[in-house]
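> The following block contains the structure, expressed as structure tokens.
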Amino acid sequence: LATLKKAADVGVYAELERRTSKFAEEAERLLQARGHDMVVARQGSIFWLHKRTDQPIRNLGQIPKGHAEHFKGLFHACLKEGLYLAPSG
């Protein structure tokens with residue numbers, strides 16, 4: 001608990017939030033620029049990618065049909081460049 005308190009006291013969580021926000025915004029911008037209609041959704045420092053939807057995705061049942069096939073291509077393209085994304089869908 002002392003480590004968690006120290007991390008909060010020195011602003012680790014605020015900095016992590018700032019960096020993740022910046023990363024997610026830039027990643028989404030780059031995806032859009034390359035023709036991927038994807039969203040980088042996030043909560044705190046956790047982020048995930050999904051096809052753009054009318055409403056935020058809050059559970060597995062809301063993942064759009066065809067998402068897995070689209071994500072598969074993106075996953076393998078990123079992997080080829082040395083970027084590992086967690087499997088999705």
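Residue numbering restarts at 1 for every chain of the structure tokens, chains are lettered A, B, ... in their displayed order, and ligands are numbered from 1 as they appear.
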Write out as a PyMOL selection string which residues come within 6 Å of region 17-30 of chain A when counting only C-alpha atoms, dropping same-chain ones fewer than 2 positions away.
chain A and resi 14-15+32-33+39-40+44-45
> If you run DSSP over the backbone, which residues in chain A end up strand (DSSP E or B)? Put them as a list in words.
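Here are the strand (DSSP E or B) residues of chain A: Met38, Val39, Val40, Ala41, Arg42, Gln43, Ile46, Phe47, Trp48, Leu49, His50 and Lys51 of chain A.
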> Please identify all polymer residues within 8 Å of region 52-54 of chain A, counting only C-alpha atoms, omitting same-chain residues fewer than 5 positions from it, and present them as a PyMOL selection string.
chain A and resi 37-39+64
> Deliver the residues from the most recent selection as a file, using N, CA and C atoms, as a short mmCIF file (atom, residue, chain, number, x, y, z; two decimals), in the first residue's frame.

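Output contents, as saved in result-v9.cif:
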```
data_model
loop_
_atom_site.label_atom_id
_atom_site.label_comp_id
_atom_site.auth_asym_id
_atom_site.auth_seq_id
_atom_site.Cartn_x
_atom_site.Cartn_y
_atom_site.Cartn_z
N ASP A 37 -11.65 2.66 -40.07
CA ASP A 37 -12.72 3.34 -39.34
C ASP A 37 -12.79 2.75 -37.93
N MET A 38 -11.74 3.00 -37.17
CA MET A 38 -11.59 2.43 -35.84
C MET A 38 -11.61 3.53 -34.78
N VAL A 39 -11.98 3.13 -33.59
CA VAL A 39 -11.98 4.00 -32.42
C VAL A 39 -11.00 3.42 -31.41
N PRO A 64 -19.47 -4.91 -33.03
CA PRO A 64 -20.09 -5.02 -34.36
C PRO A 64 -19.74 -6.34 -35.07
#
```
> So which one's closest to His70 (chain A), A:Leu1, A:Val10, A:Leu49, A:Ala86? Using only C-alpha atoms, please.
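Selected residue with least distance to His70 (chain A): A:Leu49.
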